[in-house]
>>> print(open('query-v8.csv').read())   # CSV, C-alpha atoms and all ligand atoms
chain,number,residue,atom,x,y,z
N,6,MET,CA,-12.2,-6.1,-31.6
N,7,LYS,CA,-8.6,-5.8,-30.5
N,8,GLU,CA,-7.9,-3.1,-33.1
N,9,LEU,CA,-10.4,-0.8,-31.3
N,10,ILE,CA,-8.3,-0.9,-28.1
N,11,ARG,CA,-5.4,1.6,-27.3
N,12,LYS,CA,-2.0,-0.1,-27.6
N,13,ASN,CA,-1.0,0.7,-24.1
N,14,ILE,CA,-4.0,-1.1,-22.8
N,15,LEU,CA,-3.2,-4.2,-24.9
N,16,ASN,CA,0.2,-4.3,-23.2
N,17,ILE,CA,-1.0,-4.2,-19.6
N,18,THR,CA,-0.8,-7.2,-17.3
N,19,PRO,CA,-3.8,-6.7,-15.1
N,20,TYR,CA,-3.3,-6.5,-11.4
N,21,VAL,CA,-4.0,-9.7,-9.5
N,22,GLY,CA,-5.1,-9.1,-6.0
N,23,GLY,CA,-5.0,-11.5,-3.0
N,24,LYS,CA,-7.4,-14.4,-3.6
N,25,PRO,CA,-10.7,-13.8,-1.8
N,26,ILE,CA,-11.9,-16.1,1.0
N,27,GLU,CA,-15.3,-16.8,-0.6
N,28,GLU,CA,-13.8,-17.7,-3.9
N,29,THR,CA,-11.4,-20.1,-2.3
N,30,LYS,CA,-14.1,-21.8,-0.3
N,31,ARG,CA,-16.2,-22.2,-3.4
N,32,GLN,CA,-13.5,-23.5,-5.7
N,33,LEU,CA,-11.8,-25.9,-3.3
N,34,GLY,CA,-14.9,-26.9,-1.3
N,35,LEU,CA,-13.3,-25.8,1.9
N,36,LYS,CA,-15.1,-24.6,5.1
N,37,GLU,CA,-12.4,-22.8,7.0
N,38,VAL,CA,-10.3,-20.5,5.0
N,39,ILE,CA,-8.0,-17.8,6.3
N,40,LYS,CA,-6.6,-15.0,4.2
N,41,LEU,CA,-3.1,-13.7,4.8
N,42,ALA,CA,-2.6,-12.3,1.4
N,43,SER,CA,-3.5,-8.6,1.2
N,44,ASN,CA,-2.0,-7.0,4.3
N,45,GLU,CA,-5.4,-6.4,5.7
N,46,ASN,CA,-6.2,-5.9,9.4
N,47,PRO,CA,-7.1,-9.3,10.9
N,48,LEU,CA,-9.0,-7.5,13.7
N,49,GLY,CA,-11.7,-6.2,11.3
N,50,PRO,CA,-12.6,-2.6,11.2
N,51,SER,CA,-12.6,-0.3,14.2
N,52,PRO,CA,-16.0,-0.8,16.1
N,53,ARG,CA,-16.4,2.9,16.0
N,54,ALA,CA,-16.1,3.0,12.3
N,55,ILE,CA,-18.8,0.3,12.0
N,56,GLU,CA,-21.1,2.3,14.2
N,57,ALA,CA,-20.5,5.4,12.0
N,58,ILE,CA,-21.2,3.5,8.8
N,59,LYS,CA,-24.6,2.2,10.2
N,60,LYS,CA,-25.6,5.7,11.2
N,61,CYS,CA,-24.6,7.1,7.8
N,62,ALA,CA,-26.3,4.3,5.8
N,63,GLU,CA,-29.7,6.1,6.0
N,64,GLY,CA,-28.4,9.0,4.1
N,65,VAL,CA,-26.9,7.2,1.1
N,66,ASN,CA,-29.7,8.5,-1.2
N,67,ARG,CA,-27.7,11.8,-1.1
N,68,TYR,CA,-24.4,12.4,-2.9
N,69,PRO,CA,-21.4,12.5,-0.6
N,70,ASP,CA,-19.8,15.7,0.4
N,71,SER,CA,-17.6,16.3,-2.6
N,72,GLN,CA,-15.1,18.3,-0.5
N,73,GLY,CA,-15.0,15.8,2.3
N,74,PHE,CA,-15.1,18.8,4.7
N,75,TYR,CA,-15.4,17.0,8.0
N,76,LEU,CA,-13.0,14.2,7.2
N,77,LYS,CA,-10.4,16.7,6.0
N,78,ARG,CA,-10.9,18.8,9.1
N,79,LYS,CA,-10.4,15.8,11.3
N,80,LEU,CA,-7.4,14.7,9.4
N,81,ALA,CA,-5.9,18.2,9.5
N,82,LYS,CA,-6.3,18.4,13.2
N,83,THR,CA,-4.9,14.9,13.8
N,84,LEU,CA,-1.9,15.5,11.5
N,85,GLY,CA,-1.2,19.1,12.3
N,86,VAL,CA,-1.6,20.3,8.7
N,87,ALA,CA,-4.2,22.5,7.0
N,88,SER,CA,-7.3,21.1,5.3
N,89,GLY,CA,-6.0,22.7,2.2
N,90,GLU,CA,-2.9,20.4,2.3
N,91,ILE,CA,-5.0,17.2,1.9
N,92,VAL,CA,-6.5,15.4,-1.1
N,93,LEU,CA,-8.9,12.5,-0.4
N,94,GLY,CA,-8.9,9.5,-2.6
N,95,ASN,CA,-10.8,6.3,-3.3
N,96,GLY,CA,-8.0,4.4,-1.7
N,97,SER,CA,-4.4,5.6,-2.3
N,98,ASP,CA,-4.6,3.7,-5.6
N,99,GLU,CA,-6.8,6.5,-7.0
N,100,LEU,CA,-4.4,9.1,-5.7
N,101,ILE,CA,-1.6,7.5,-7.6
N,102,ASP,CA,-3.7,8.0,-10.7
N,103,ILE,CA,-4.6,11.6,-9.8
N,104,ILE,CA,-0.9,12.4,-9.2
N,105,ILE,CA,0.2,11.0,-12.6
N,106,LYS,CA,-2.6,12.8,-14.4
N,107,THR,CA,-1.7,16.1,-12.6
N,108,PHE,CA,2.0,16.0,-13.1
N,109,VAL,CA,3.3,13.9,-15.9
N,110,GLU,CA,3.2,15.1,-19.5
N,111,PRO,CA,3.1,12.5,-22.3
N,112,ASP,CA,6.8,12.7,-23.0
N,113,GLU,CA,7.8,12.7,-19.4
N,114,ASN,CA,8.7,9.6,-17.3
N,115,ILE,CA,8.3,8.1,-13.8
N,116,VAL,CA,11.1,6.4,-11.9
N,117,THR,CA,10.5,3.8,-9.2
N,118,ALA,CA,11.8,0.5,-8.0
N,119,GLU,CA,11.5,-2.7,-10.1
N,120,THR,CA,10.1,-4.7,-7.2
N,121,THR,CA,7.5,-2.6,-5.5
N,122,PHE,CA,3.8,-1.8,-5.4
N,123,LEU,CA,2.5,-2.9,-8.8
N,124,GLU,CA,0.0,-0.1,-9.1
N,125,TYR,CA,2.6,2.5,-9.9
N,126,LYS,CA,3.5,0.8,-13.2
N,127,ILE,CA,0.0,-0.3,-14.1
N,128,ILE,CA,-1.6,3.1,-13.5
N,129,ALA,CA,1.2,4.8,-15.4
N,130,GLU,CA,0.7,2.4,-18.3
N,131,VAL,CA,-3.1,3.1,-18.4
N,132,ASN,CA,-2.1,6.7,-18.7
N,133,SER,CA,0.5,6.0,-21.4
N,134,ARG,CA,3.3,7.2,-19.2
N,135,LYS,CA,6.8,5.7,-19.3
N,136,VAL,CA,8.1,4.0,-16.2
N,137,ILE,CA,11.8,3.5,-15.5
N,138,SER,CA,12.2,0.6,-13.0
N,139,VAL,CA,15.4,0.3,-10.9
N,140,PRO,CA,16.3,-3.0,-9.3
N,141,LEU,CA,16.3,-3.3,-5.6
N,142,LYS,CA,19.6,-3.8,-3.7
N,143,TYR,CA,19.4,-6.4,-1.0
N,144,PHE,CA,15.6,-6.2,-1.2
N,145,LYS,CA,15.7,-2.5,-0.5
N,146,TYR,CA,15.0,0.6,-2.6
N,147,ASP,CA,18.3,1.6,-4.1
N,148,LEU,CA,17.9,5.4,-3.9
N,149,GLU,CA,21.4,6.1,-5.3
N,150,ALA,CA,20.7,4.0,-8.4
N,151,ILE,CA,17.2,5.6,-8.7
N,152,LYS,CA,18.8,9.1,-8.6
N,153,GLY,CA,21.2,7.9,-11.3
N,154,LYS,CA,18.2,7.1,-13.5
N,155,ILE,CA,16.6,10.5,-13.2
N,156,ASP,CA,16.9,12.4,-16.4
N,157,LYS,CA,15.6,15.7,-17.8
N,158,LYS,CA,12.2,14.1,-18.5
N,159,THR,CA,11.7,12.6,-15.1
N,160,LYS,CA,8.7,14.2,-13.3
N,161,LEU,CA,7.8,11.7,-10.6
N,162,VAL,CA,9.6,9.3,-8.3
N,163,PHE,CA,7.5,6.8,-6.4
N,164,ILE,CA,9.0,5.4,-3.1
N,165,ALA,CA,6.9,2.9,-1.1
N,166,ASN,CA,8.2,3.3,2.4
N,167,PRO,CA,8.0,0.7,3.8
N,168,ASN,CA,8.2,-1.2,0.6
N,169,ASN,CA,5.6,-3.7,-0.5
N,170,PRO,CA,6.3,-6.7,-1.0
N,171,THR,CA,9.6,-6.7,0.8
N,172,GLY,CA,8.8,-4.9,4.1
N,173,THR,CA,12.1,-3.1,3.9
N,174,TYR,CA,12.4,0.7,4.4
N,175,VAL,CA,14.6,3.6,3.4
N,176,THR,CA,16.2,5.4,6.4
N,177,LYS,CA,15.9,9.1,7.1
N,178,TYR,CA,19.6,9.4,6.2
N,179,GLU,CA,19.1,7.7,2.8
N,180,LEU,CA,16.1,9.9,2.1
N,181,GLN,CA,18.0,13.0,3.1
N,182,ASP,CA,20.9,12.1,0.7
N,183,PHE,CA,18.4,11.4,-2.0
N,184,MET,CA,16.5,14.6,-1.6
N,185,SER,CA,19.5,16.8,-1.6
N,186,GLY,CA,20.5,18.0,-5.0
N,187,LEU,CA,17.5,16.4,-6.7
N,188,PRO,CA,16.6,18.2,-9.9
N,189,GLU,CA,13.9,20.9,-9.3
N,190,GLN,CA,11.4,19.4,-11.8
N,191,VAL,CA,11.2,16.1,-9.8
N,192,VAL,CA,8.2,15.4,-7.5
N,193,VAL,CA,8.8,12.7,-5.0
N,194,VAL,CA,5.8,10.6,-3.8
N,195,LEU,CA,6.3,8.8,-0.5
N,196,ASP,CA,3.8,6.1,-0.2
N,197,GLU,CA,3.5,5.3,3.6
N,198,ALA,CA,0.7,2.8,3.6
N,199,TYR,CA,2.4,0.8,6.4
N,200,ASP,CA,4.0,3.5,8.5
N,201,THR,CA,1.8,2.7,11.6
N,202,PHE,CA,3.6,-0.6,12.0
N,203,VAL,CA,7.1,0.8,11.8
N,204,ASP,CA,9.2,0.4,15.0
N,205,VAL,CA,12.6,1.6,14.1
N,206,ILE,CA,14.1,5.0,15.1
N,207,ASP,CA,15.7,5.9,11.8
N,208,PHE,CA,12.5,5.9,9.8
N,209,PRO,CA,12.1,9.3,8.1
N,210,ASN,CA,9.7,11.8,9.4
N,211,SER,CA,8.3,12.7,6.0
N,212,ARG,CA,6.0,15.4,7.2
N,213,GLY,CA,8.9,17.9,7.4
N,214,LEU,CA,9.3,17.5,3.6
N,215,ALA,CA,5.6,18.0,2.6
N,216,ASN,CA,6.1,21.7,1.8
N,217,LYS,CA,8.8,20.8,-0.8
N,218,ASN,CA,8.2,18.9,-4.0
N,219,VAL,CA,7.0,15.9,-1.9
N,220,ILE,CA,3.6,14.2,-1.7
N,221,ILE,CA,2.9,11.8,1.1
N,222,LEU,CA,0.3,9.0,0.6
N,223,LYS,CA,-1.6,7.4,3.4
N,224,THR,CA,-4.4,4.8,3.5
N,225,PHE,CA,-7.1,3.6,5.8
N,226,SER,CA,-6.8,0.1,4.2
N,227,LYS,CA,-4.2,-1.4,6.4
N,228,ALA,CA,-3.8,-0.3,10.0
N,229,TYR,CA,-7.4,1.2,10.1
N,230,GLY,CA,-8.9,-2.0,8.7
N,231,LEU,CA,-11.1,-0.2,6.1
N,232,ALA,CA,-9.7,-1.7,2.9
N,233,GLY,CA,-13.3,-2.5,1.6
N,234,LEU,CA,-14.4,1.1,1.9
N,235,ARG,CA,-11.6,2.5,-0.3
N,236,LEU,CA,-10.2,5.5,1.5
N,237,GLY,CA,-6.8,7.1,1.3
N,238,TYR,CA,-5.3,10.6,1.3
N,239,ALA,CA,-2.4,12.6,0.1
N,240,ILE,CA,-0.6,15.4,2.0
N,241,ALA,CA,1.2,18.0,-0.1
N,242,ASN,CA,1.7,21.8,-0.3
N,243,SER,CA,-1.6,23.7,-0.9
N,244,GLU,CA,-0.6,24.6,-4.4
N,245,PHE,CA,0.0,21.0,-5.4
N,246,VAL,CA,-3.3,20.2,-3.7
N,247,SER,CA,-5.2,22.8,-5.7
N,248,TYR,CA,-4.0,21.3,-9.0
N,249,MET,CA,-4.6,17.7,-7.9
N,250,GLU,CA,-8.2,18.7,-7.0
N,251,ARG,CA,-8.7,19.5,-10.7
N,252,ALA,CA,-7.9,15.9,-11.7
N,253,ARG,CA,-10.1,14.4,-9.0
N,254,GLN,CA,-13.6,13.1,-9.6
N,255,PRO,CA,-16.0,15.2,-7.5
N,256,PHE,CA,-17.6,12.2,-5.7
N,257,ASN,CA,-14.6,9.9,-5.5
N,258,VAL,CA,-15.0,9.2,-1.8
N,259,ASN,CA,-18.4,7.8,-0.7
N,260,SER,CA,-20.2,9.0,2.3
N,261,LEU,CA,-19.8,5.8,4.3
N,262,ALA,CA,-16.0,6.0,3.9
N,263,GLN,CA,-16.0,9.6,5.0
N,264,ALA,CA,-18.0,8.9,8.1
N,265,ALA,CA,-15.9,5.7,8.9
N,266,GLY,CA,-12.7,7.6,8.4
N,267,ILE,CA,-13.6,10.2,10.9
N,268,ALA,CA,-14.7,7.6,13.5
N,269,ALA,CA,-11.6,5.5,12.9
N,270,LEU,CA,-9.3,8.5,13.5
N,271,ASP,CA,-10.9,8.8,17.0
N,272,ASP,CA,-10.3,5.2,17.8
N,273,LYS,CA,-6.8,5.3,19.1
N,274,LYS,CA,-7.3,2.2,21.1
N,275,PHE,CA,-8.0,0.2,18.0
N,276,LEU,CA,-5.0,1.5,16.2
N,277,GLU,CA,-2.8,0.6,19.2
N,278,ARG,CA,-4.3,-2.9,19.4
N,279,SER,CA,-3.7,-3.4,15.7
N,280,ARG,CA,-0.1,-2.3,15.9
N,281,LYS,CA,0.6,-4.5,18.9
N,282,LEU,CA,-0.9,-7.5,17.2
N,283,VAL,CA,1.3,-7.0,14.2
N,284,LEU,CA,4.5,-6.5,16.3
N,285,GLU,CA,3.8,-9.6,18.4
N,286,GLY,CA,2.7,-11.7,15.5
N,287,LYS,CA,5.9,-10.7,13.6
N,288,ASP,CA,8.1,-11.8,16.5
N,289,TYR,CA,6.3,-15.1,16.7
N,290,LEU,CA,6.5,-15.8,12.9
N,291,CYS,CA,10.1,-14.7,12.6
N,292,ASN,CA,11.3,-16.8,15.5
N,293,ILE,CA,9.6,-19.9,14.1
N,294,LEU,CA,10.9,-19.3,10.6
N,295,LYS,CA,14.4,-19.0,12.0
N,296,LYS,CA,14.0,-22.3,13.9
N,297,MET,CA,12.7,-23.9,10.7
N,298,GLY,CA,15.7,-22.5,8.8
N,299,VAL,CA,13.4,-20.7,6.4
N,300,PRO,CA,15.0,-17.4,5.2
N,301,TYR,CA,12.8,-14.3,5.1
N,302,VAL,CA,13.3,-10.6,4.6
N,303,PRO,CA,13.3,-8.6,7.9
N,304,SER,CA,10.1,-6.4,7.7
N,305,VAL,CA,8.9,-3.2,9.4
N,306,ALA,CA,5.5,-3.7,7.9
N,307,ASN,CA,2.6,-6.1,8.6
N,308,PHE,CA,3.7,-8.8,6.2
N,309,ILE,CA,6.8,-10.9,5.6
N,310,LEU,CA,8.4,-11.9,2.4
N,311,VAL,CA,9.4,-15.6,2.8
N,312,ASP,CA,12.0,-17.4,0.7
N,313,ALA,CA,10.4,-20.8,0.2
N,314,GLY,CA,13.5,-22.1,-1.4
N,315,ARG,CA,11.5,-23.5,-4.3
N,316,ASP,CA,8.8,-22.5,-6.7
N,317,GLY,CA,6.7,-20.0,-4.7
N,318,SER,CA,3.6,-20.6,-6.8
N,319,SER,CA,3.5,-24.2,-6.0
N,320,VAL,CA,3.9,-23.5,-2.3
N,321,PHE,CA,1.1,-20.9,-2.6
N,322,ASN,CA,-1.1,-23.6,-4.2
N,323,GLN,CA,-0.3,-26.2,-1.5
N,324,LEU,CA,-1.1,-23.7,1.2
N,325,LEU,CA,-4.3,-22.8,-0.5
N,326,ARG,CA,-5.4,-26.4,-0.5
N,327,THR,CA,-5.1,-26.4,3.3
N,328,GLY,CA,-7.3,-23.2,3.4
N,329,VAL,CA,-4.5,-20.7,3.9
N,330,ILE,CA,-4.3,-17.9,1.4
N,331,VAL,CA,-1.0,-16.2,1.1
N,332,ARG,CA,0.3,-14.1,-1.8
N,333,ASP,CA,2.0,-15.7,-4.8
N,334,MET,CA,4.9,-13.5,-5.8
N,335,GLN,CA,5.0,-14.5,-9.4
N,336,GLN,CA,3.7,-11.2,-10.6
N,337,TYR,CA,6.4,-9.4,-8.7
N,338,GLY,CA,9.1,-11.5,-10.4
N,339,LEU,CA,10.1,-13.2,-7.1
N,340,LYS,CA,9.9,-16.8,-8.2
N,341,ASN,CA,10.8,-18.6,-4.9
N,342,PHE,CA,8.9,-16.3,-2.6
N,343,ILE,CA,5.6,-16.0,-0.9
N,344,ARG,CA,4.3,-13.0,1.0
N,345,VAL,CA,2.4,-13.6,4.2
N,346,THR,CA,0.4,-11.0,6.1
N,347,ILE,CA,0.6,-11.1,9.8
N,348,GLY,CA,-2.7,-12.3,11.2
N,349,THR,CA,-4.1,-13.1,14.6
N,350,ARG,CA,-2.2,-15.6,16.8
N,351,LYS,CA,-4.5,-18.4,15.7
N,352,GLU,CA,-4.1,-17.6,12.0
N,353,ASN,CA,-0.3,-17.3,12.3
N,354,GLU,CA,-0.2,-20.7,14.0
N,355,ARG,CA,-2.3,-22.2,11.3
N,356,PHE,CA,0.0,-20.8,8.6
N,357,ILE,CA,3.1,-22.2,10.3
N,358,LYS,CA,1.5,-25.6,10.8
N,359,ALA,CA,0.6,-25.8,7.1
N,360,LEU,CA,4.0,-24.5,6.0
N,361,LYS,CA,5.8,-27.0,8.1
N,362,LYS,CA,4.0,-29.8,6.4
N,363,ILE,CA,4.8,-28.5,3.0
N,364,LEU,CA,8.5,-27.6,3.4
G,401,LIG,C1,-1.9,-1.5,0.2
G,401,LIG,C2,-1.1,-0.5,-0.4
G,401,LIG,C3,-1.6,0.8,-0.7
G,401,LIG,C4,-3.1,1.0,-0.4
G,401,LIG,O1,-3.9,1.1,-1.4
G,401,LIG,P1,-5.4,1.5,-1.1
G,401,LIG,O2,-5.8,1.9,-2.5
G,401,LIG,O3,-5.4,2.7,-0.2
G,401,LIG,O4,-6.1,0.4,-0.6
G,401,LIG,C5,-0.8,1.8,-1.2
G,401,LIG,N1,0.5,1.6,-1.4
G,401,LIG,C6,1.1,0.4,-1.0
G,401,LIG,C7,2.5,0.3,-1.2
G,401,LIG,C8,0.3,-0.6,-0.6
G,401,LIG,O5,0.9,-1.8,-0.3
>>> encode(input="query-v8.csv", output="structure tokens", more="lines below")
Ligand SMILES: *Cc1c(COP(=O)(O)O)cnc(C)c1O
Amino acid sequence: MKELIRKNILNITPYVGGKPIEETKRQLGLKEVIKLASNENPLGPSPRAIEAIKKCAEGVNRYPDSQGFYLKRKLAKTLGVASGEIVLGNGSDELIDIIIKTFVEPDENIVTAETTFLEYKIIAEVNSRKVISVPLKYFKYDLEAIKGKIDKKTKLVFIANPNNPTGTYVTKYELQDFMSGLPEQVVVVLDEAYDTFVDVIDFPNSRGLANKNVIILKTFSKAYGLAGLRLGYAIANSEFVSYMERARQPFNVNSLAQAAGIAALDDKKFLERSRKLVLEGKDYLCNILKKMGVPYVPSVANFILVDAGRDGSSVFNQLLRTGVIVRDMQQYGLKNFIRVTIGTRKENERFIKALKKIL
């Protein structure tokens, strides 16, 4: 049947997500499994979001609002932009697809880092678009080198800031330098999935850039604890938005997600609690890793890239057998690393206990 399939599809390595808790319990016969593998919120969803989902459930015989009117109005008010500067997506994953479909012609290319969010490359390949990957420098996006790879056919640049899986970030100065003198045909996508957790003063304020050739991506999957609902959004100038709307499926964001998103935006307490948990958990984990002599990449996100000093996949498997799911970094080409999401205090302690036994 292979000959029926498009060549670009044959060449794709499918995305492997974090291993699910249920699957791990089933396969290994374990009762207590914790997942620190997908940068999810360990506190669960905001209680207000759960309430909103329950209320909304009765109406799921109807199609969702294809315009997402109320959610966009709420977002616009919260962010200080116009509703017409927002595109809603079925997670920011879908927005990556919409952006590529909207902007990149078949003979044009996309530039991004070599070790970054895998979906940029996979979605580009599904769309038969060429990706130029630029190596990181000291685990960071090398914006100078990326600029050097931009050619006449470059249409998009994806920058995950903070970067996944490294947790590093580009500073406002680096971004300023990068943006100045960029060829006019280049659209820059700043994927800020983890910006809520950032606690450094030189992180860029991207919103000042959104009226230029810049698109900002945000998600409800991480800090807001709504990964299972699939909700993200893009902020861009209204003209870009109007064209991206043409590439969007009309009912891409379901009604439960819209209702939950509105409620979650109101739950400032939950967001603050989530942020605090991550910052405290990160302190705890980093201090212990230091004491253990285990190197890691300093992170401004809700996860840490840990240098296991030996085959990361085997460390991943050993942790798995103790009921601790972290992320194997094989697919990212980081052989000796694992990525661990910051969990609750209890989960962090359990991870450390298991890691100590293994290393
Ligand atoms: C998790 C993540 C996303 C979020 O994807 P969703 O589709 O919104 O769940 C986007 N970008 C990066 C870099 C991520 O790590």
>>> closest_residue(input="query-v8.csv", among="N:Leu33, N:Ala57, N:Val92, N:Val194", to="Ser71 of chain N", atoms="all atoms listed in the file")
N:Val92
>>> residues_near_ligand(input="query-v8.csv", ligand="ligand LIG 401 (chain G)", cutoff="9 Å", atoms="all atoms listed in the file", output="ChimeraX atom specification")
/N:43-45,94-101,121-125,164-170,196-199,222-227,231-238
>>> residues_near_point(input="query-v8.csv", point="(-6.3, 4.3, 14.9)", cutoff="12 Å", atoms="all atoms listed in the file", output="count of residues only")
35
>>> residues_around(input="query-v8.csv", residues="Lys157 of chain N", least_positions_apart="4", cutoff="10 Å", atoms="all atoms listed in the file", output="ChimeraX atom specification")
/N:113-114,188,190-191
>>> write_last_selection(input="query-v8.csv", atoms="C-alpha atoms", output="CSV table (one decimal), in the frame of the given file")
chain,number,residue,atom,x,y,z
N,113,GLU,CA,7.8,12.7,-19.4
N,114,ASN,CA,8.7,9.6,-17.3
N,188,PRO,CA,16.6,18.2,-9.9
N,190,GLN,CA,11.4,19.4,-11.8
N,191,VAL,CA,11.2,16.1,-9.8
>>> atom_distance(input="query-v8.csv", atom1="atom CA of Ala241 of chain N", atom2="atom CA of Leu261 of chain N")
24.7 Å
>>> atom_distance(input="query-v8.csv", atom1="atom CA of Val219 of chain N", atom2="atom CA of Asn259 of chain N")
26.7 Å
>>> atom_distance(input="query-v8.csv", atom1="atom CA of Tyr337 of chain N", atom2="atom CA of Thr120 of chain N")
6.2 Å
>>> residues_around(input="query-v8.csv", residues="Thr176 of chain N", least_positions_apart="5", cutoff="6 Å", atoms="all atoms listed in the file", output="number ranges by chain")
N: 207-209
>>> closest_residue(input="query-v8.csv", among="N:Ile220, N:Leu84, N:Ile17, N:Ile343", to="Phe163 of chain N", atoms="only C-alpha atoms")
N:Ile220
>>> decode(input="query-v8.csv", residues="segment 312-325 of chain N", atoms="N, CA and C atoms", output="PDB file, in the first residue's frame")
ATOM      1  N   ASP N 312      21.222  16.102  32.603  1.00  0.00           N
ATOM      2  CA  ASP N 312      22.272  15.318  31.968  1.00  0.00           C
ATOM      3  C   ASP N 312      22.534  14.085  32.829  1.00  0.00           C
ATOM      4  N   ALA N 313      22.050  12.940  32.360  1.00  0.00           N
ATOM      5  CA  ALA N 313      22.146  11.711  33.158  1.00  0.00           C
ATOM      6  C   ALA N 313      23.552  11.125  33.119  1.00  0.00           C
ATOM      7  N   GLY N 314      24.390  11.653  32.242  1.00  0.00           N
ATOM      8  CA  GLY N 314      25.776  11.173  32.178  1.00  0.00           C
ATOM      9  C   GLY N 314      25.918   9.794  31.556  1.00  0.00           C
ATOM     10  N   ARG N 315      24.814   9.241  31.138  1.00  0.00           N
ATOM     11  CA  ARG N 315      24.819   7.962  30.399  1.00  0.00           C
ATOM     12  C   ARG N 315      23.504   7.843  29.636  1.00  0.00           C
ATOM     13  N   ASP N 316      23.350   6.731  28.940  1.00  0.00           N
ATOM     14  CA  ASP N 316      22.216   6.593  28.046  1.00  0.00           C
ATOM     15  C   ASP N 316      20.887   7.007  28.693  1.00  0.00           C
ATOM     16  N   GLY N 317      20.318   8.093  28.208  1.00  0.00           N
ATOM     17  CA  GLY N 317      19.091   8.648  28.776  1.00  0.00           C
ATOM     18  C   GLY N 317      17.909   7.695  28.673  1.00  0.00           C
ATOM     19  N   SER N 318      17.847   6.940  27.576  1.00  0.00           N
ATOM     20  CA  SER N 318      16.728   6.018  27.391  1.00  0.00           C
ATOM     21  C   SER N 318      16.711   4.950  28.477  1.00  0.00           C
ATOM     22  N   SER N 319      17.897   4.495  28.874  1.00  0.00           N
ATOM     23  CA  SER N 319      17.914   3.447  29.898  1.00  0.00           C
ATOM     24  C   SER N 319      17.554   4.058  31.260  1.00  0.00           C
ATOM     25  N   VAL N 320      17.982   5.287  31.503  1.00  0.00           N
ATOM     26  CA  VAL N 320      17.575   5.961  32.750  1.00  0.00           C
ATOM     27  C   VAL N 320      16.053   6.164  32.750  1.00  0.00           C
ATOM     28  N   PHE N 321      15.537   6.582  31.613  1.00  0.00           N
ATOM     29  CA  PHE N 321      14.086   6.728  31.460  1.00  0.00           C
ATOM     30  C   PHE N 321      13.367   5.425  31.812  1.00  0.00           C
ATOM     31  N   ASN N 322      13.864   4.309  31.262  1.00  0.00           N
ATOM     32  CA  ASN N 322      13.226   3.008  31.508  1.00  0.00           C
ATOM     33  C   ASN N 322      13.344   2.560  32.960  1.00  0.00           C
ATOM     34  N   GLN N 323      14.490   2.850  33.562  1.00  0.00           N
ATOM     35  CA  GLN N 323      14.660   2.486  34.977  1.00  0.00           C
ATOM     36  C   GLN N 323      13.702   3.291  35.854  1.00  0.00           C
ATOM     37  N   LEU N 324      13.580   4.571  35.544  1.00  0.00           N
ATOM     38  CA  LEU N 324      12.632   5.406  36.307  1.00  0.00           C
ATOM     39  C   LEU N 324      11.201   4.897  36.116  1.00  0.00           C
ATOM     40  N   LEU N 325      10.904   4.510  34.886  1.00  0.00           N
ATOM     41  CA  LEU N 325       9.568   4.034  34.548  1.00  0.00           C
ATOM     42  C   LEU N 325       9.189   2.830  35.412  1.00  0.00           C
TER      43      LEU N 325
END
